[in-house]
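Here is the file query_19.txt (compact mmCIF, C-alpha atoms).
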```txt
# COMPACT_ATOMS: atom_id res chain seq x y z
CA MET V 1 25.22 7.19 -43.09
CA PRO V 2 28.83 7.87 -42.10
CA PHE V 3 31.56 5.46 -43.19
CA ASN V 4 34.41 4.16 -41.08
CA LEU V 5 38.16 4.16 -41.68
CA ALA V 6 38.15 0.67 -43.18
CA GLU V 7 35.57 1.70 -45.78
CA LEU V 8 37.54 4.83 -46.64
CA SER V 9 40.70 2.75 -47.04
CA GLU V 10 38.85 0.41 -49.41
CA TYR V 11 37.48 3.34 -51.45
CA LEU V 12 40.99 4.77 -51.75
CA ARG V 13 42.41 1.40 -52.85
CA ILE V 14 39.77 0.95 -55.55
CA ALA V 15 40.12 4.56 -56.72
CA THR V 16 43.93 4.34 -56.87
CA GLU V 17 43.76 1.11 -58.88
CA ALA V 18 41.20 2.60 -61.30
CA LEU V 19 43.20 5.78 -61.89
CA GLY V 20 46.39 3.78 -62.33
CA ARG V 21 44.97 2.04 -65.39
CA TYR V 22 45.06 5.28 -67.41
CA ARG V 23 48.02 7.23 -66.05
CA LEU V 24 48.43 9.57 -69.00
CA ARG V 25 44.73 10.40 -69.16
CA THR V 26 44.66 11.03 -65.43
CA ALA V 27 47.71 13.29 -65.59
CA LEU V 28 46.27 15.32 -68.45
CA SER V 29 42.93 15.62 -66.64
CA VAL V 30 44.43 17.20 -63.54
CA THR V 31 46.62 19.66 -65.47
CA GLY V 32 43.91 22.33 -65.37
CA VAL V 33 43.61 21.99 -61.59
CA VAL V 34 47.40 22.18 -61.22
CA LEU V 35 47.55 25.37 -63.29
CA GLY V 36 44.60 26.95 -61.49
CA VAL V 37 45.89 26.23 -57.99
CA ALA V 38 49.41 27.30 -58.98
CA ALA V 39 47.98 30.60 -60.24
CA VAL V 40 46.10 31.07 -56.96
CA ILE V 41 49.22 30.41 -54.87
CA ALA V 42 51.44 32.63 -57.04
CA MET V 43 48.85 35.42 -57.04
CA MET V 44 48.41 35.34 -53.28
CA SER V 45 52.17 35.18 -52.69
CA VAL V 46 52.79 38.24 -54.85
CA SER V 47 49.88 40.08 -53.23
CA GLU V 48 51.01 39.15 -49.71
CA GLY V 49 54.59 40.08 -50.49
CA ALA V 50 53.52 43.44 -51.91
CA ALA V 51 51.34 44.10 -48.86
CA ARG V 52 54.20 43.32 -46.47
CA GLU V 53 56.59 45.47 -48.47
CA ALA V 54 54.12 48.35 -48.56
CA LEU V 55 53.54 48.13 -44.82
CA ALA V 56 57.28 48.01 -44.14
CA GLN V 57 57.98 50.99 -46.38
CA VAL V 58 55.13 53.10 -45.06
CA ASP V 59 56.09 52.15 -41.53
CA ALA V 60 59.58 53.46 -42.35
CA LEU V 61 58.06 56.73 -43.57
CA GLY V 62 55.62 56.87 -40.67
CA LEU V 63 51.83 57.01 -40.97
CA ASP V 64 51.86 60.15 -38.85
CA ASN V 65 54.33 62.02 -41.08
CA LEU V 66 53.94 64.52 -43.91
CA VAL V 67 56.68 65.21 -46.44
CA ALA V 68 57.03 68.26 -48.66
CA GLN V 69 59.36 67.66 -51.58
CA SER V 70 60.96 70.42 -53.64
CA ALA V 71 60.33 70.14 -57.38
CA GLY V 72 63.45 72.05 -58.48
CA GLY V 73 64.21 72.93 -62.10
CA LEU V 74 62.58 75.73 -64.12
CA ASN V 75 58.97 76.89 -63.87
CA ALA V 76 56.58 77.73 -66.73
CA ARG V 77 58.03 81.26 -67.00
CA GLY V 78 61.52 79.90 -67.58
CA THR V 79 62.89 81.07 -64.24
CA MET V 80 64.33 78.92 -61.47
CA ARG V 81 61.72 77.60 -59.06
CA ARG V 82 62.08 78.62 -55.45
CA SER V 83 63.00 75.50 -53.53
CA LEU V 84 61.69 74.70 -50.11
CA SER V 85 63.65 76.42 -47.40
CA ALA V 86 64.96 75.19 -44.07
CA ALA V 87 62.73 77.72 -42.30
CA ASP V 88 59.63 76.00 -43.69
CA ALA V 89 60.08 73.21 -41.13
CA GLY V 90 59.77 75.62 -38.20
CA ARG V 91 56.88 77.47 -39.84
CA ALA V 92 55.03 74.20 -40.41
CA VAL V 93 55.48 73.08 -36.80
CA ALA V 94 54.14 76.45 -35.62
CA MET V 95 51.22 76.73 -38.08
CA VAL V 96 50.01 73.18 -38.87
CA PRO V 97 47.62 71.89 -36.16
CA THR V 98 48.98 69.01 -34.03
CA ALA V 99 52.40 69.21 -35.73
CA ARG V 100 55.06 68.47 -33.13
CA LEU V 101 58.36 67.91 -34.94
CA GLY V 102 59.91 69.15 -38.16
CA SER V 103 63.19 68.69 -39.99
CA PRO V 104 64.54 70.03 -43.28
CA VAL V 105 66.49 67.50 -45.34
CA VAL V 106 69.19 67.96 -47.98
CA SER V 107 70.18 64.85 -49.93
CA ARG V 108 73.37 64.49 -51.95
CA TYR V 109 75.12 61.60 -53.63
CA LEU V 110 78.82 61.88 -52.79
CA LYS V 111 81.90 59.73 -52.80
CA VAL V 112 82.15 58.04 -49.41
CA GLY V 113 85.54 56.60 -48.57
CA ARG V 114 87.67 55.01 -45.89
CA GLY V 115 91.36 54.60 -46.65
CA GLU V 116 91.68 53.24 -50.18
CA GLN V 117 88.08 52.00 -50.21
CA SER V 118 85.45 54.31 -51.67
CA LEU V 119 81.92 54.17 -53.04
CA THR V 120 79.16 56.55 -54.10
CA GLY V 121 76.55 56.83 -51.38
CA GLN V 122 73.66 58.98 -50.25
CA VAL V 123 74.58 61.64 -47.72
CA MET V 124 71.67 63.32 -45.94
CA GLY V 125 71.94 66.61 -44.13
CA ILE V 126 69.36 66.66 -41.36
CA THR V 127 68.55 68.22 -38.01
CA PRO V 128 68.28 66.29 -34.69
CA PRO V 129 64.44 65.85 -34.74
CA PHE V 130 64.80 63.68 -37.86
CA GLN V 131 65.67 60.71 -35.65
CA GLN V 132 62.33 60.92 -33.80
CA ILE V 133 60.35 61.65 -36.96
CA LEU V 134 61.55 58.43 -38.63
CA ARG V 135 61.96 56.56 -35.31
CA LEU V 136 65.54 55.61 -36.14
CA GLY V 137 67.06 53.24 -33.60
CA LEU V 138 70.78 53.18 -32.87
CA ALA V 139 72.86 50.01 -32.77
CA ARG V 140 75.76 51.88 -31.15
CA GLY V 141 76.89 55.40 -30.45
CA ARG V 142 74.61 58.43 -30.63
CA PHE V 143 72.70 60.50 -33.15
CA ILE V 144 73.43 64.04 -34.31
CA SER V 145 72.79 66.59 -31.56
CA GLU V 146 71.92 70.28 -31.47
CA THR V 147 75.50 70.95 -30.37
CA ASP V 148 76.81 69.25 -33.51
CA GLU V 149 74.42 71.34 -35.60
CA ALA V 150 75.37 74.65 -33.95
CA ALA V 151 79.11 73.90 -34.18
CA VAL V 152 78.85 72.72 -37.81
CA ALA V 153 80.68 69.61 -36.63
CA ARG V 154 82.04 67.13 -39.16
CA VAL V 155 80.39 64.10 -37.63
CA ALA V 156 78.39 61.32 -39.30
CA VAL V 157 75.91 58.60 -38.36
CA LEU V 158 75.99 55.60 -40.70
CA GLY V 159 73.24 53.28 -41.83
CA ALA V 160 73.79 49.63 -40.92
CA GLY V 161 74.48 48.52 -44.50
CA LEU V 162 76.90 51.35 -45.23
CA ALA V 163 78.78 50.68 -41.98
CA ARG V 164 79.22 47.03 -42.96
CA GLN V 165 80.44 47.98 -46.43
CA LEU V 166 83.05 50.38 -45.11
CA PHE V 167 84.16 48.78 -41.84
CA GLY V 168 83.12 45.13 -42.05
CA PHE V 169 82.82 43.75 -38.52
CA ARG V 170 84.98 46.46 -36.95
CA ASP V 171 83.44 48.99 -34.58
CA PRO V 172 83.32 52.22 -36.63
CA LEU V 173 82.78 54.57 -33.67
CA GLY V 174 85.48 57.22 -33.58
CA GLU V 175 86.83 56.17 -36.96
CA SER V 176 87.36 58.67 -39.75
CA LEU V 177 85.84 58.59 -43.22
CA THR V 178 85.74 61.01 -46.15
CA LEU V 179 82.61 62.50 -47.70
CA ALA V 180 83.64 64.09 -50.98
CA ALA V 181 86.96 65.69 -49.94
CA ASP V 182 86.13 66.33 -46.27
CA HIS V 183 86.96 64.16 -43.26
CA TYR V 184 84.18 63.17 -40.84
CA ARG V 185 84.22 61.28 -37.54
CA VAL V 186 81.72 58.44 -37.07
CA ILE V 187 79.64 58.97 -33.93
CA GLY V 188 76.87 56.39 -34.41
CA VAL V 189 75.51 53.44 -36.39
CA LEU V 190 71.80 52.87 -36.96
CA ARG V 191 70.01 49.59 -36.43
CA GLU V 192 69.00 47.64 -39.53
CA GLN V 193 65.86 49.26 -40.94
CA GLY V 194 64.33 46.22 -42.66
CA ALA V 195 64.80 45.17 -46.31
CA ASP V 196 66.45 47.53 -48.74
CA PRO V 197 63.89 49.22 -50.96
CA GLN V 198 63.87 48.28 -54.62
CA PRO V 199 64.87 51.17 -56.89
CA GLY V 200 62.07 52.71 -58.89
CA ARG V 201 59.18 51.17 -57.04
CA SER V 202 59.74 52.01 -53.39
CA MET V 203 57.58 54.37 -51.39
CA GLY V 204 60.49 54.73 -48.97
CA TRP V 205 62.70 56.58 -51.46
CA HIS V 206 65.56 56.98 -48.98
CA ASN V 207 67.58 53.83 -48.40
CA ILE V 208 68.28 54.43 -44.71
CA ASN V 209 70.49 51.36 -44.42
CA ARG V 210 72.95 52.68 -46.99
CA ALA V 211 72.92 56.39 -46.12
CA ALA V 212 75.20 58.61 -44.07
CA PHE V 213 73.62 61.34 -41.90
CA VAL V 214 75.43 64.58 -41.14
CA PRO V 215 74.35 67.92 -39.64
CA LEU V 216 72.55 69.95 -42.31
CA PRO V 217 74.75 73.07 -41.86
CA THR V 218 77.86 70.93 -42.30
CA LEU V 219 76.63 69.60 -45.64
CA THR V 220 75.38 72.94 -46.99
CA GLY V 221 78.09 75.13 -45.46
CA HIS V 222 75.57 77.55 -43.92
CA THR V 223 74.19 77.54 -40.40
CA LEU V 224 70.44 77.80 -39.91
CA VAL V 225 70.93 80.95 -37.82
CA VAL V 226 72.82 82.80 -40.54
CA ALA V 227 70.87 81.34 -43.52
CA PRO V 228 67.45 80.18 -42.29
CA ASN V 229 66.02 80.33 -45.82
CA GLN V 230 68.68 78.19 -47.44
CA PRO V 231 67.12 75.79 -49.99
CA VAL V 232 66.45 72.19 -48.99
CA ASP V 233 65.16 69.14 -50.83
CA GLU V 234 62.51 68.05 -48.35
CA VAL V 235 60.68 69.12 -45.22
CA TRP V 236 59.49 66.36 -42.88
CA ILE V 237 56.68 67.03 -40.39
CA GLN V 238 55.37 64.69 -37.70
CA ILE V 239 51.78 65.14 -36.49
CA ASP V 240 49.98 63.80 -33.44
CA ASP V 241 47.06 62.12 -35.26
CA GLY V 242 47.92 60.19 -38.41
CA THR V 243 44.25 59.69 -39.27
CA GLN V 244 44.05 63.43 -39.97
CA SER V 245 47.07 63.38 -42.29
CA GLU V 246 45.16 64.13 -45.50
CA ALA V 247 43.41 67.18 -44.03
CA LEU V 248 46.63 68.45 -42.45
CA ALA V 249 48.46 67.92 -45.75
CA GLY V 250 46.05 70.47 -47.21
CA VAL V 251 46.94 72.90 -44.43
CA LEU V 252 50.66 72.39 -45.11
CA ARG V 253 50.10 72.96 -48.82
CA ARG V 254 48.25 76.24 -48.24
CA LEU V 255 51.02 77.35 -45.87
CA LEU V 256 53.71 76.70 -48.48
CA LEU V 257 51.64 78.34 -51.24
CA GLN V 258 51.87 81.64 -49.40
CA THR V 259 55.46 82.09 -50.64
CA ARG V 260 55.71 79.95 -53.78
CA ASP V 261 53.81 78.44 -56.70
CA ALA V 262 52.05 75.08 -56.56
CA ASP V 263 54.37 73.52 -59.12
CA GLU V 264 57.46 74.17 -57.00
CA PHE V 265 56.75 71.42 -54.48
CA SER V 266 54.66 68.32 -53.82
CA ILE V 267 53.17 66.91 -50.63
CA VAL V 268 53.60 63.21 -49.87
CA VAL V 269 51.14 61.59 -47.46
CA PRO V 270 52.40 58.08 -46.48
CA ARG V 271 48.94 56.98 -45.34
CA GLU V 272 47.49 57.86 -48.75
CA LEU V 273 50.39 56.09 -50.47
CA LEU V 274 49.48 52.95 -48.55
CA ALA V 275 45.82 53.24 -49.62
CA GLN V 276 46.86 53.69 -53.25
CA ARG V 277 49.10 50.63 -53.07
CA TYR V 278 46.23 48.55 -51.66
CA ARG V 279 43.89 49.74 -54.43
CA THR V 280 46.43 48.70 -57.03
CA GLN V 281 46.86 45.33 -55.32
CA ARG V 282 43.11 44.72 -55.35
CA THR V 283 42.96 45.39 -59.09
CA PHE V 284 45.89 43.03 -59.66
CA SER V 285 44.26 40.35 -57.48
CA VAL V 286 40.95 40.58 -59.37
CA VAL V 287 42.66 40.21 -62.76
CA VAL V 288 44.93 37.33 -61.78
CA GLY V 289 42.18 35.73 -59.68
CA SER V 290 39.88 35.70 -62.71
CA VAL V 291 42.54 33.89 -64.74
CA ALA V 292 43.03 31.38 -61.92
CA ALA V 293 39.27 30.81 -61.60
CA LEU V 294 39.00 30.25 -65.36
CA ALA V 295 41.82 27.71 -65.25
CA LEU V 296 40.11 25.88 -62.38
CA LEU V 297 36.79 25.92 -64.21
CA VAL V 298 38.38 24.45 -67.33
CA GLY V 299 40.20 21.87 -65.23
CA GLY V 300 37.02 20.94 -63.38
CA ILE V 301 35.05 20.55 -66.60
CA GLY V 302 37.83 18.38 -68.02
CA ILE V 303 37.75 16.13 -64.97
CA MET V 304 33.95 15.86 -65.10
CA ASN V 305 34.18 14.88 -68.76
CA ILE V 306 36.79 12.21 -68.02
CA MET V 307 34.74 10.81 -65.12
CA LEU V 308 31.58 10.63 -67.24
CA THR V 309 33.58 8.77 -69.88
CA SER V 310 34.92 6.48 -67.16
CA VAL V 311 31.38 5.70 -65.97
CA VAL V 312 30.44 4.61 -69.48
CA GLU V 313 33.60 2.52 -69.90
CA ARG V 314 33.12 0.83 -66.54
CA THR V 315 29.38 0.23 -66.72
CA ARG V 316 29.82 -3.55 -66.62
CA GLU V 317 32.24 -3.24 -63.68
CA ILE V 318 29.60 -1.20 -61.83
CA GLY V 319 27.01 -3.90 -62.57
CA VAL V 320 29.30 -6.61 -61.18
CA ARG V 321 29.88 -4.61 -58.00
CA ARG V 322 26.16 -4.01 -57.55
CA MET V 323 25.34 -7.71 -58.10
CA ALA V 324 28.05 -8.58 -55.53
CA GLY V 325 26.26 -6.48 -52.91
CA ALA V 326 27.65 -2.96 -53.36
CA THR V 327 25.09 -0.28 -52.58
CA ARG V 328 24.41 2.94 -54.50
CA ARG V 329 26.26 4.72 -51.75
CA ASP V 330 29.34 2.53 -52.32
CA VAL V 331 29.36 3.29 -56.04
CA THR V 332 28.84 7.02 -55.40
CA MET V 333 31.72 7.10 -52.94
CA GLN V 334 33.98 5.12 -55.29
CA PHE V 335 33.71 7.65 -58.12
CA LEU V 336 33.65 10.66 -55.82
CA VAL V 337 36.87 9.52 -54.13
CA GLU V 338 38.47 9.02 -57.55
CA THR V 339 37.61 12.60 -58.48
CA LEU V 340 38.87 13.95 -55.16
CA LEU V 341 42.13 12.03 -55.53
CA MET V 342 42.69 13.72 -58.88
CA THR V 343 41.79 17.24 -57.76
CA VAL V 344 43.46 17.14 -54.34
CA GLY V 345 46.56 15.51 -55.85
CA GLY V 346 46.55 18.15 -58.56
CA GLY V 347 46.06 20.80 -55.89
CA MET V 348 49.13 19.61 -53.96
CA VAL V 349 51.21 19.68 -57.14
CA GLY V 350 49.74 23.11 -57.89
CA ILE V 351 50.72 24.39 -54.42
CA ALA V 352 54.31 23.27 -54.99
CA ALA V 353 54.32 24.76 -58.49
CA GLY V 354 52.85 28.03 -57.20
CA ALA V 355 55.53 28.27 -54.51
CA ALA V 356 58.20 27.63 -57.15
CA ILE V 357 56.68 30.31 -59.40
CA ALA V 358 56.69 32.76 -56.48
CA ALA V 359 60.36 32.01 -55.82
CA GLY V 360 61.09 32.52 -59.52
CA ILE V 361 59.29 35.86 -59.50
CA SER V 362 61.39 36.99 -56.55
CA ALA V 363 64.62 35.80 -58.17
CA TYR V 364 64.12 37.13 -61.70
CA ALA V 365 61.69 40.05 -61.38
CA GLY V 366 62.87 41.30 -57.99
CA TRP V 367 59.32 41.37 -56.59
CA SER V 368 58.75 40.65 -52.95
CA THR V 369 56.67 37.46 -52.49
CA HIS V 370 55.49 35.49 -49.47
CA VAL V 371 53.78 32.07 -49.55
CA SER V 372 51.56 32.13 -46.48
CA VAL V 373 49.84 29.31 -44.64
CA ALA V 374 46.51 30.88 -45.65
CA ALA V 375 47.46 30.61 -49.34
CA ILE V 376 48.39 26.93 -48.95
CA GLY V 377 45.15 26.26 -47.07
CA LEU V 378 43.13 28.04 -49.75
CA GLY V 379 44.83 26.01 -52.49
CA PHE V 380 43.89 22.79 -50.72
CA VAL V 381 40.30 23.89 -50.05
CA VAL V 382 39.82 25.05 -53.65
CA SER V 383 41.10 21.76 -55.10
CA PHE V 384 38.86 19.80 -52.72
CA ALA V 385 35.85 21.95 -53.64
CA VAL V 386 36.51 21.45 -57.37
CA GLY V 387 36.54 17.69 -56.77
CA LEU V 388 33.21 17.78 -54.94
CA VAL V 389 31.46 20.09 -57.40
CA PHE V 390 32.63 18.42 -60.60
CA GLY V 391 32.72 14.86 -59.26
CA TRP V 392 29.26 14.71 -57.73
CA TYR V 393 27.28 14.41 -60.98
CA PRO V 394 29.39 11.57 -62.50
CA ALA V 395 29.26 9.73 -59.16
CA MET V 396 25.47 10.03 -58.96
CA LYS V 397 25.13 8.95 -62.60
CA ALA V 398 27.20 5.84 -61.87
CA ALA V 399 25.13 5.03 -58.77
CA ALA V 400 21.88 5.42 -60.73
CA LEU V 401 22.71 2.51 -63.07
CA GLU V 402 20.49 -0.53 -62.56
CA PRO V 403 22.52 -3.71 -61.88
CA VAL V 404 20.71 -5.80 -64.55
CA ASP V 405 21.05 -3.12 -67.24
CA ALA V 406 24.71 -2.59 -66.33
CA MET V 407 25.46 -6.33 -66.62
CA ARG V 408 23.92 -6.43 -70.12
CA TYR V 409 25.97 -3.40 -71.29
CA GLU V 410 28.61 -4.15 -73.95
```

Just give me the structure as structure tokens.
Amino acid sequence: MPFNLAELSEYLRIATEALGRYRLRTALSVTGVVLGVAAVIAMMSVSEGAAREALAQVDALGLDNLVAQSAGGLNARGTMRRSLSAADAGRAVAMVPTARLGSPVVSRYLKVGRGEQSLTGQVMGITPPFQQILRLGLARGRFISETDEAAVARVAVLGAGLARQLFGFRDPLGESLTLAADHYRVIGVLREQGADPQPGRSMGWHNINRAAFVPLPTLTGHTLVVAPNQPVDEVWIQIDDGTQSEALAGVLRRLLLQTRDADEFSIVVPRELLAQRYRTQRTFSVVVGSVAALALLVGGIGIMNIMLTSVVERTREIGVRRMAGATRRDVTMQFLVETLLMTVGGGMVGIAAGAAIAAGISAYAGWSTHVSVAAIGLGFVVSFAVGLVFGWYPAMKAAALEPVDAMRYE
């Protein structure tokens, strides 16, 4: 039958008093639960953080985009590989089904300066469609236009982070800066594009926030009309249906293979990168989850062992309670509440420890982590379930003692 609030309060009082008699033993018993729940929280925080980072990075690349990257260097015959050319963007838009926009990209690391201040930054030569391909929003000013491209204008659009580094809180529009030894006029500043990618492990390999964008002909020194086949580092293509990206990547590959070898370029499919990241995350979650489950199992067995020992030590106490009118249900609830107090208390400590571990991972390893409400809820549910599963048998064993036999126990 259900019990009321007064009964629950009495069970909690008795359980708290019983556990307080052996503080060290109680603390050692719940250590396994603390470690298991902490592992669960830390694992889920790392997994959730990685998922959010992957989504942010792939969103920056665009699930409906394809990227061809030039390999560069020497081929197997010892001759220089033919890089991708600027004309490949137009050919891809014309030949790849549902392709609607294309832009060649040249990336250079140059000295970017303003007055006496200078730093080494990424400078990207692009064409106007690049803004729509990456869905780049502007905080102020405008983006590079076809007129800028045709006139080989020395104009630049700055990422939000780079603009702050160079100009602080000043409005940079119309200001002059130097890229290498050339002077450029700032015509626009991009909106913040989310968190900066971590070097070496980012799918969004271009740090948009800290880049400067200039017309491609201005950076290379050759207009696309005069030198349409000038080499470029990348070719970005936007398609209408992102779900067909893998099939269309094959079409783009065959198109590029008509004029070059397979080892001279690679095709990046952001949607496939996201799937690969999720597969890696699942493997990581299974491994770490197994360790967490093992820790919880060991902790639960330890608590069951301690509770069985407690039943034996308190046999006479149980007999006194039964002779005083306590029912089997009362004795069952007494020991079950004691077990739940240990596991749920250990679970709460484990949640705090897991959150601290996640913060430590972010601080020292540089991984993105996120402690979600779902992770906290799961930690609580798991600790409660461990208490029920491993506390039920000791509680039933205590309730099964006959009052007369319990009173005679020494």

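Here CA of Ile239 in chain V is placed at a distance of 17.7 Å from CA of Ala87 in chain V.
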
Inset, instruction - Pick out the closest residue to Ser103 in chain V from this set: V:Ala181, V:Ala89, V:Ala42, V:Leu257. Count all atoms listed in the file. - result: V:Ala89

What's the 9 Å shell around Met43 in chain V, counting all atoms listed in the file, without same-chain residues fewer than 6 positions away, as a PDB file with C-alpha atoms, in the frame of the given file?
```
ATOM      1  CA  PHE V 284      45.890  43.030 -59.660  1.00  0.00           C
ATOM      2  CA  SER V 285      44.260  40.350 -57.480  1.00  0.00           C
ATOM      3  CA  VAL V 288      44.930  37.330 -61.780  1.00  0.00           C
ATOM      4  CA  GLY V 289      42.180  35.730 -59.680  1.00  0.00           C
ATOM      5  CA  ALA V 292      43.030  31.380 -61.920  1.00  0.00           C
ATOM      6  CA  GLY V 354      52.850  28.030 -57.200  1.00  0.00           C
ATOM      7  CA  ALA V 358      56.690  32.760 -56.480  1.00  0.00           C
TER       8      ALA V 358
END
```

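You will find CA of Leu35 in chain V at 12.2 Å from CA of Ala355 in chain V.
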
Inset, instruction - Tell me which protein, DNA and RNA residues are within 8 Å of range 362-374 of chain V, counting all atoms listed in the file, leaving out same-chain ones fewer than 4 positions away, and put them as JSON, numbers by chain. - result: {"V": [41, 42, 44, 45, 46, 47, 48, 49, 50, 53, 198, 355, 358, 378]}

Mind dumping a table of every range 227-328 of chain V residue within 10 Å of range 116-129 of chain V, with the nearest atom pair and its distance in Å to one decimal, using only C-alpha atoms, sorted by chain and rising number, as a tab-separated table?
```
residue	atom	partner	partner_atom	distance
V:Val232	CA	V:Gly125	CA	9.2
V:Asp233	CA	V:Gly125	CA	9.9
V:Glu234	CA	V:Ile126	CA	9.9
V:Val235	CA	V:Ile126	CA	9.8
V:Trp236	CA	V:Pro129	CA	9.5
V:Ile237	CA	V:Pro129	CA	9.7
V:Gln238	CA	V:Pro129	CA	9.6
```

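As for CA of Gly387 in chain V and CA of Ala6 in chain V, they are spaced 21.8 Å apart.
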
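Taking only C-alpha atoms into account, Ser266 in chain V lies nearest to V:Leu252 out of the set V:Arg91, V:Gly346, V:Leu252, V:Asp241.
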
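Excluding Pro172 in chain V itself and same-chain residues fewer than 3 positions from it, the residues having an atom within 10 Å of it are Arg140, Gly141, Val157, Leu158, Ala163, Arg164, Leu166, Phe167, Gly168, Phe169, Glu175, Ser176, Leu177, Arg185, Val186, Ile187, Gly188 and Val189 of chain V, counting only C-alpha atoms.
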
Legend entry - Residue with smallest distance to Asn207 in chain V - pool V:Gly250, V:Pro228, V:Gly115, V:Gly159, counting only C-alpha atoms: V:Gly159

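Distance annotation: of V:Leu134, V:Ile267, V:Leu224, V:Ala247, the residue with the minimal separation from Gln193 in chain V is V:Leu134; atom set is only C-alpha atoms.
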
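For the set V:Ala211, V:Ala153, V:Ile318, V:Leu341, the residue with the smallest atom-to-atom gap to Lys111 in chain V is V:Ala211, counting all atoms listed in the file.
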
Inset, instruction - Can you work out which one of V:Val291, V:Arg108, V:Gly20, V:Asn305 has the shortest atom-to-atom distance to His206 in chain V, counting only C-alpha atoms? - result: V:Arg108

Inset, instruction - Could you give me, as a list in words, the residues that have an atom at most 6 Å away from the point (70.2, 52.0, -31.5) in the coordinates of the file, using only C-alpha atoms? - result: Gly137, Leu138, Ala139, Arg140, Leu190 and Arg191 of chain V

Export of the given selection (C-alpha atoms) as a tab-separated table (two decimals), in the coordinates of the input:
```
chain	number	residue	atom	x	y	z
V	137	GLY	CA	67.06	53.24	-33.60
V	138	LEU	CA	70.78	53.18	-32.87
V	139	ALA	CA	72.86	50.01	-32.77
V	140	ARG	CA	75.76	51.88	-31.15
V	190	LEU	CA	71.80	52.87	-36.96
V	191	ARG	CA	70.01	49.59	-36.43
```

Legend entry - Test item: residues at most 9 Å from Leu340 in chain V, all atoms listed in the file, excluding those fewer than 6 positions along its chain, as a ChimeraX atom specification: /V:383-388,391

Any chance you could export the current selection's C-alpha atoms as a compact mmCIF listing (two decimals), keeping the file's coordinate frame?
```txt
# COMPACT_ATOMS: atom_id res chain seq x y z
CA SER V 383 41.10 21.76 -55.10
CA PHE V 384 38.86 19.80 -52.72
CA ALA V 385 35.85 21.95 -53.64
CA VAL V 386 36.51 21.45 -57.37
CA GLY V 387 36.54 17.69 -56.77
CA LEU V 388 33.21 17.78 -54.94
CA GLY V 391 32.72 14.86 -59.26
```

Legend entry - Residues within 12 Å of Arg25 in chain V, only C-alpha atoms, excluding chain neighbours under 3 positions, as a list in words: Ala18, Leu19, Gly20, Arg21, Tyr22, Leu28, Ser29, Val30, Thr31, Gly302, Ile303, Asn305, Ile306, Met307, Thr309, Ser310 and Met342 of chain V
